[in-house]
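Undergrad: Take a look at the following structure, please.
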Amino acid sequence: MAAVTSVMRVQQILQSAVDTALRPHNLTFARYEALVLLTFSRRGSLPMRVMGDRLQLHPTSVTNIVDRLEHDELVRRVPHPTDRRTTLVEITDGGRDLMKRATESVTEIEFGLGGVTERQTQQLTELLGRVRHAAGDF
């Protein structure tokens, strides 16, 4: 119980720290994650279904995230070049710029992980990864 309570509380602390760092950029963590995902894709675009799979989100949630990002001109929907049934989400130059600035902000606060060393962060990631793997989260 102590471990679960600690994990749940740390999640709240991390979420609050990251939300605070992203707020000046008018981003939520979900929208930030989507921009990061698109930035790291080979072409700067992905099908919405693939985004949902990689972000582990329901298609409705992906649609809502993309709608907001598109409204803010950070992404655009484009037709897939070979599959007329598929829509790609493509990051814009403005989206890339905002993602870089937002990353600087969350990096400045160490993603909320102040107080632990880089090695301890790796260990924590490994331990939590084991729990996620056992739950079928990967």
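Naming scheme: A, B, ... for chains in displayed order of the structure tokens; residues 1 onward per chain; ligands 1 onward as shown.
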So that I can check the surroundings of segment 54-60 of chain A, please list as a ChimeraX atom specification every protein, DNA and RNA residue that reaches within 12 Å of it, counting only C-alpha atoms and ignoring chain neighbours fewer than 6 positions away.

TA: /A:29-38,40-41,46-48,66-67,136-138

Undergrad: Can you write out the residues you just picked, keeping N, CA and C atoms, as a compact mmCIF listing (two decimals), in the first residue's frame?

TA:
```txt
# COMPACT_ATOMS: atom_id res chain seq x y z
N PHE A 29 -0.53 18.24 -21.42
CA PHE A 29 0.47 17.20 -21.63
C PHE A 29 0.10 16.34 -22.84
N ALA A 30 -1.18 16.05 -23.02
CA ALA A 30 -1.61 15.23 -24.15
C ALA A 30 -1.27 15.90 -25.48
N ARG A 31 -1.52 17.20 -25.59
CA ARG A 31 -1.20 17.90 -26.84
C ARG A 31 0.31 18.00 -27.03
N TYR A 32 1.05 18.19 -25.94
CA TYR A 32 2.51 18.22 -26.02
C TYR A 32 3.03 16.86 -26.50
N GLU A 33 2.51 15.78 -25.92
CA GLU A 33 2.93 14.44 -26.33
C GLU A 33 2.68 14.21 -27.82
N ALA A 34 1.55 14.68 -28.32
CA ALA A 34 1.23 14.51 -29.74
C ALA A 34 2.23 15.27 -30.60
N LEU A 35 2.59 16.49 -30.21
CA LEU A 35 3.58 17.26 -30.97
C LEU A 35 4.94 16.57 -30.95
N VAL A 36 5.33 16.05 -29.80
CA VAL A 36 6.61 15.33 -29.69
C VAL A 36 6.59 14.10 -30.60
N LEU A 37 5.50 13.35 -30.56
CA LEU A 37 5.38 12.16 -31.40
C LEU A 37 5.53 12.51 -32.88
N LEU A 38 4.85 13.55 -33.31
CA LEU A 38 4.93 13.96 -34.72
C LEU A 38 6.33 14.46 -35.07
N PHE A 40 9.13 13.44 -33.86
CA PHE A 40 10.06 12.32 -33.96
C PHE A 40 9.70 11.33 -35.06
N SER A 41 8.57 11.53 -35.72
CA SER A 41 8.24 10.63 -36.83
C SER A 41 9.12 10.99 -38.03
N LEU A 46 1.80 11.37 -39.22
CA LEU A 46 1.37 10.01 -38.90
C LEU A 46 -0.13 9.89 -39.12
N PRO A 47 -0.59 8.69 -39.45
CA PRO A 47 -2.04 8.47 -39.46
C PRO A 47 -2.59 8.63 -38.04
N MET A 48 -3.81 9.12 -37.94
CA MET A 48 -4.41 9.31 -36.62
C MET A 48 -4.48 8.00 -35.84
N VAL A 66 -6.14 16.44 -31.83
CA VAL A 66 -5.80 16.94 -33.16
C VAL A 66 -6.66 18.16 -33.51
N ASP A 67 -7.94 18.13 -33.14
CA ASP A 67 -8.81 19.28 -33.39
C ASP A 67 -8.24 20.55 -32.75
N GLY A 136 0.60 -5.61 -19.36
CA GLY A 136 0.34 -5.64 -20.79
C GLY A 136 0.29 -4.26 -21.42
N ASP A 137 0.94 -3.30 -20.80
CA ASP A 137 0.90 -1.91 -21.27
C ASP A 137 1.85 -1.65 -22.43
N PHE A 138 2.69 -2.61 -22.80
CA PHE A 138 3.63 -2.39 -23.89
C PHE A 138 3.20 -3.17 -25.11
```

Undergrad: Name all residues at most 12 Å from Glu104 of chain A (count only C-alpha atoms; drop same-chain ones fewer than 4 positions away) and give them as a PDB file with N, CA, C and O atoms, in the first residue's frame.

TA:
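Result file follows (around06.pdb):
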```
ATOM      1  N   VAL A  18       4.492  19.445 -14.652  1.00  0.00           N
ATOM      2  CA  VAL A  18       4.511  19.500 -16.115  1.00  0.00           C
ATOM      3  C   VAL A  18       3.400  20.420 -16.622  1.00  0.00           C
ATOM      4  O   VAL A  18       3.622  21.228 -17.529  1.00  0.00           O
ATOM      5  N   ALA A  21       4.501  23.950 -16.287  1.00  0.00           N
ATOM      6  CA  ALA A  21       5.517  24.313 -17.282  1.00  0.00           C
ATOM      7  C   ALA A  21       4.906  24.484 -18.668  1.00  0.00           C
ATOM      8  O   ALA A  21       5.369  25.320 -19.463  1.00  0.00           O
ATOM      9  N   LEU A  22       3.876  23.709 -18.982  1.00  0.00           N
ATOM     10  CA  LEU A  22       3.266  23.765 -20.317  1.00  0.00           C
ATOM     11  C   LEU A  22       2.194  24.849 -20.449  1.00  0.00           C
ATOM     12  O   LEU A  22       1.898  25.292 -21.557  1.00  0.00           O
ATOM     13  N   HIS A  25       2.519  27.869 -22.655  1.00  0.00           N
ATOM     14  CA  HIS A  25       2.561  27.536 -24.079  1.00  0.00           C
ATOM     15  C   HIS A  25       1.172  27.151 -24.600  1.00  0.00           C
ATOM     16  O   HIS A  25       1.026  26.732 -25.747  1.00  0.00           O
ATOM     17  N   ASP A  97       8.196  24.654 -33.647  1.00  0.00           N
ATOM     18  CA  ASP A  97       8.760  25.717 -32.803  1.00  0.00           C
ATOM     19  C   ASP A  97       8.185  25.669 -31.392  1.00  0.00           C
ATOM     20  O   ASP A  97       8.930  25.773 -30.413  1.00  0.00           O
ATOM     21  N   LEU A  98       6.870  25.506 -31.300  1.00  0.00           N
ATOM     22  CA  LEU A  98       6.241  25.458 -29.982  1.00  0.00           C
ATOM     23  C   LEU A  98       6.703  24.233 -29.203  1.00  0.00           C
ATOM     24  O   LEU A  98       6.965  24.307 -28.000  1.00  0.00           O
ATOM     25  N   MET A  99       6.817  23.093 -29.878  1.00  0.00           N
ATOM     26  CA  MET A  99       7.281  21.883 -29.204  1.00  0.00           C
ATOM     27  C   MET A  99       8.671  22.092 -28.623  1.00  0.00           C
ATOM     28  O   MET A  99       8.950  21.693 -27.494  1.00  0.00           O
ATOM     29  N   LYS A 100       9.548  22.756 -29.376  1.00  0.00           N
ATOM     30  CA  LYS A 100      10.911  23.013 -28.874  1.00  0.00           C
ATOM     31  C   LYS A 100      10.876  23.916 -27.643  1.00  0.00           C
ATOM     32  O   LYS A 100      11.554  23.649 -26.647  1.00  0.00           O
ATOM     33  N   GLU A 108      13.647  22.365 -18.080  1.00  0.00           N
ATOM     34  CA  GLU A 108      14.116  23.250 -16.998  1.00  0.00           C
ATOM     35  C   GLU A 108      13.653  22.767 -15.635  1.00  0.00           C
ATOM     36  O   GLU A 108      14.360  22.938 -14.646  1.00  0.00           O
ATOM     37  N   ILE A 109      12.484  22.172 -15.574  1.00  0.00           N
ATOM     38  CA  ILE A 109      11.972  21.677 -14.287  1.00  0.00           C
ATOM     39  C   ILE A 109      12.239  20.177 -14.122  1.00  0.00           C
ATOM     40  O   ILE A 109      11.681  19.541 -13.227  1.00  0.00           O
ATOM     41  N   GLU A 110      13.100  19.641 -14.985  1.00  0.00           N
ATOM     42  CA  GLU A 110      13.475  18.222 -14.952  1.00  0.00           C
ATOM     43  C   GLU A 110      12.249  17.316 -15.011  1.00  0.00           C
ATOM     44  O   GLU A 110      12.195  16.274 -14.365  1.00  0.00           O
ATOM     45  N   PHE A 111      11.232  17.740 -15.770  1.00  0.00           N
ATOM     46  CA  PHE A 111       9.978  16.999 -15.901  1.00  0.00           C
ATOM     47  C   PHE A 111       9.363  16.698 -14.540  1.00  0.00           C
ATOM     48  O   PHE A 111       8.620  15.745 -14.377  1.00  0.00           O
TER      49      PHE A 111
END
```

Undergrad: Quick one: pull the distance between atom CA of Glu73 of chain A and atom CA of Ile91 of chain A, Å, one decimal.

TA: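 Going from atom CA of Glu73 of chain A over to atom CA of Ile91 of chain A, I get 8.9 Å.
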
Undergrad: Which neighbours of Ser16 of chain A fall inside 12 Å, counting only C-alpha atoms, when residues of the same chain fewer than 3 positions from it are skipped, and could you give them as a list in words?

TA: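 Here the answer would be Arg9, Val10, Gln11, Gln12, Ile13, Asp19, Thr20, Ala21, Leu22, Arg23, Thr28, Phe29, Val106, Ile109, Phe111, Gly112 and Leu113 of chain A.
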
Undergrad: Since we have the selection now, will you write its residues out, keeping all heavy atoms, as a CSV table (one decimal), in the first residue's frame?

TA:
```
chain,number,residue,atom,x,y,z
A,9,ARG,N,0.8,9.5,-5.5
A,9,ARG,CA,1.1,10.9,-5.1
A,9,ARG,C,2.2,11.5,-6.0
A,9,ARG,O,2.1,12.7,-6.4
A,9,ARG,CB,1.6,11.0,-3.7
A,9,ARG,CG,1.9,12.3,-3.2
A,9,ARG,CD,0.6,13.2,-3.2
A,9,ARG,NE,1.0,14.6,-2.8
A,9,ARG,CZ,0.7,15.7,-3.5
A,9,ARG,NH1,0.0,15.6,-4.7
A,9,ARG,NH2,1.2,16.9,-3.1
A,10,VAL,N,3.2,10.7,-6.4
A,10,VAL,CA,4.3,11.2,-7.3
A,10,VAL,C,3.6,11.6,-8.7
A,10,VAL,O,4.0,12.6,-9.3
A,10,VAL,CB,5.4,10.2,-7.4
A,10,VAL,CG1,6.3,10.6,-8.6
A,10,VAL,CG2,6.2,10.2,-6.1
A,11,GLN,N,2.7,10.8,-9.1
A,11,GLN,CA,2.0,11.1,-10.4
A,11,GLN,C,1.3,12.4,-10.3
A,11,GLN,O,1.4,13.2,-11.2
A,11,GLN,CB,1.0,10.0,-10.7
A,11,GLN,CG,0.4,10.1,-12.1
A,11,GLN,CD,-0.8,11.1,-12.2
A,11,GLN,OE1,-1.5,11.3,-11.2
A,11,GLN,NE2,-1.0,11.6,-13.3
A,12,GLN,N,0.7,12.7,-9.2
A,12,GLN,CA,0.0,14.0,-9.0
A,12,GLN,C,1.1,15.2,-9.0
A,12,GLN,O,0.9,16.2,-9.7
A,12,GLN,CB,-0.7,14.1,-7.7
A,12,GLN,CG,-1.9,13.1,-7.7
A,12,GLN,CD,-2.5,13.0,-6.3
A,12,GLN,OE1,-1.9,13.3,-5.3
A,12,GLN,NE2,-3.8,12.6,-6.3
A,13,ILE,N,2.2,14.9,-8.4
A,13,ILE,CA,3.3,16.0,-8.3
A,13,ILE,C,3.8,16.2,-9.7
A,13,ILE,O,4.0,17.4,-10.1
A,13,ILE,CB,4.4,15.5,-7.3
A,13,ILE,CG1,3.8,15.6,-5.9
A,13,ILE,CG2,5.6,16.4,-7.5
A,13,ILE,CD1,4.7,14.9,-4.9
A,19,ASP,N,2.2,20.3,-16.0
A,19,ASP,CA,1.1,21.2,-16.4
A,19,ASP,C,1.5,22.7,-16.3
A,19,ASP,O,1.2,23.5,-17.1
A,19,ASP,CB,-0.2,20.9,-15.6
A,19,ASP,CG,-0.9,19.6,-16.1
A,19,ASP,OD1,-0.5,19.1,-17.2
A,19,ASP,OD2,-1.7,19.2,-15.3
A,20,THR,N,2.1,23.0,-15.2
A,20,THR,CA,2.6,24.3,-14.9
A,20,THR,C,3.6,24.8,-15.9
A,20,THR,O,3.5,26.0,-16.4
A,20,THR,CB,3.1,24.5,-13.4
A,20,THR,OG1,2.1,24.1,-12.5
A,20,THR,CG2,3.6,25.9,-13.1
A,21,ALA,N,4.5,24.0,-16.3
A,21,ALA,CA,5.5,24.3,-17.3
A,21,ALA,C,4.9,24.5,-18.7
A,21,ALA,O,5.4,25.3,-19.5
A,21,ALA,CB,6.6,23.3,-17.3
A,22,LEU,N,3.9,23.7,-19.0
A,22,LEU,CA,3.3,23.8,-20.3
A,22,LEU,C,2.2,24.8,-20.4
A,22,LEU,O,1.9,25.3,-21.6
A,22,LEU,CB,2.7,22.4,-20.7
A,22,LEU,CG,3.6,21.3,-20.9
A,22,LEU,CD1,2.9,19.9,-21.1
A,22,LEU,CD2,4.6,21.6,-22.1
A,23,ARG,N,1.6,25.3,-19.3
A,23,ARG,CA,0.5,26.3,-19.4
A,23,ARG,C,0.9,27.5,-20.1
A,23,ARG,O,0.0,28.0,-21.0
A,23,ARG,CB,0.1,26.6,-17.9
A,23,ARG,CG,-1.2,27.4,-17.9
A,23,ARG,CD,-1.8,27.5,-16.5
A,23,ARG,NE,-2.2,26.2,-16.0
A,23,ARG,CZ,-1.6,25.6,-14.9
A,23,ARG,NH1,-0.7,26.3,-14.2
A,23,ARG,NH2,-2.0,24.4,-14.5
A,28,THR,N,-1.6,21.2,-23.1
A,28,THR,CA,-1.8,20.2,-22.1
A,28,THR,C,-0.7,19.2,-22.4
A,28,THR,O,-0.1,19.1,-23.4
A,28,THR,CB,-3.2,19.5,-22.2
A,28,THR,OG1,-3.2,18.9,-23.5
A,28,THR,CG2,-4.3,20.5,-22.1
A,29,PHE,N,-0.5,18.2,-21.4
A,29,PHE,CA,0.5,17.2,-21.6
A,29,PHE,C,0.1,16.3,-22.8
A,29,PHE,O,1.0,16.0,-23.6
A,29,PHE,CB,0.6,16.3,-20.4
A,29,PHE,CG,1.7,15.3,-20.5
A,29,PHE,CD1,3.1,15.8,-20.6
A,29,PHE,CD2,1.5,14.0,-20.6
A,29,PHE,CE1,4.1,14.8,-20.7
A,29,PHE,CE2,2.5,13.1,-20.7
A,29,PHE,CZ,3.8,13.5,-20.8
A,106,VAL,N,9.8,22.2,-19.9
A,106,VAL,CA,9.7,21.0,-19.1
A,106,VAL,C,11.1,20.4,-18.7
A,106,VAL,O,11.2,19.8,-17.6
A,106,VAL,CB,8.8,19.9,-19.7
A,106,VAL,CG1,7.3,20.3,-19.7
A,106,VAL,CG2,9.3,19.4,-21.0
A,109,ILE,N,12.5,22.2,-15.6
A,109,ILE,CA,12.0,21.7,-14.3
A,109,ILE,C,12.2,20.2,-14.1
A,109,ILE,O,11.7,19.5,-13.2
A,109,ILE,CB,10.5,22.0,-14.1
A,109,ILE,CG1,9.7,21.2,-15.2
A,109,ILE,CG2,10.2,23.4,-14.1
A,109,ILE,CD1,8.3,20.8,-14.8
A,111,PHE,N,11.2,17.7,-15.8
A,111,PHE,CA,10.0,17.0,-15.9
A,111,PHE,C,9.4,16.7,-14.5
A,111,PHE,O,8.6,15.7,-14.4
A,111,PHE,CB,10.2,15.7,-16.7
A,111,PHE,CG,10.4,16.0,-18.2
A,111,PHE,CD1,11.7,16.2,-18.7
A,111,PHE,CD2,9.3,15.9,-19.1
A,111,PHE,CE1,11.9,16.5,-20.0
A,111,PHE,CE2,9.5,16.2,-20.4
A,111,PHE,CZ,10.8,16.4,-20.9
A,112,GLY,N,9.7,17.5,-13.5
A,112,GLY,CA,9.2,17.3,-12.2
A,112,GLY,C,9.9,16.3,-11.4
A,112,GLY,O,9.6,16.0,-10.2
A,113,LEU,N,11.0,15.8,-11.9
A,113,LEU,CA,11.8,14.7,-11.2
A,113,LEU,C,13.0,15.3,-10.4
A,113,LEU,O,14.0,14.6,-10.3
A,113,LEU,CB,12.3,13.7,-12.2
A,113,LEU,CG,11.2,12.7,-12.8
A,113,LEU,CD1,11.7,11.9,-14.0
A,113,LEU,CD2,10.6,11.8,-11.7
```

Undergrad: What is the atom CA of Thr87 of chain A to atom CA of Asn26 of chain A distance in Å?

TA: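 Value for the atom CA of Thr87 of chain A-atom CA of Asn26 of chain A distance: 25.2 Å.
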
Undergrad: I want to know what sits within 7 Å of segment 94-96 of chain A, based on only C-alpha atoms, with residues of the same chain fewer than 6 positions away left out; could you give that as a PyMOL selection string?

TA: chain A and resi 35+39+74-75

Undergrad: Would you mind exporting N, CA, C and O atoms of the selected residues as a compact mmCIF listing (two decimals), in the first residue's frame?

TA:
```
# COMPACT_ATOMS: atom_id res chain seq x y z
N LEU A 35 2.59 16.49 -30.21
CA LEU A 35 3.58 17.26 -30.97
C LEU A 35 4.94 16.57 -30.95
O LEU A 35 5.63 16.51 -31.97
N THR A 39 6.97 15.16 -34.16
CA THR A 39 8.32 15.66 -34.41
C THR A 39 9.30 14.52 -34.62
O THR A 39 10.19 14.60 -35.47
N LEU A 74 -1.01 24.25 -35.26
CA LEU A 74 0.20 23.53 -34.89
C LEU A 74 0.34 22.24 -35.68
O LEU A 74 1.44 21.71 -35.82
N VAL A 75 -0.79 21.74 -36.20
CA VAL A 75 -0.81 20.58 -37.09
C VAL A 75 -1.84 20.84 -38.18
O VAL A 75 -2.66 21.76 -38.07
```

Undergrad: What does the distance from atom CA of Glu126 of chain A to atom CA of Arg43 of chain A come to in Å, to one decimal?

TA: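 Atom CA of Glu126 of chain A sits 29.9 Å away from atom CA of Arg43 of chain A.
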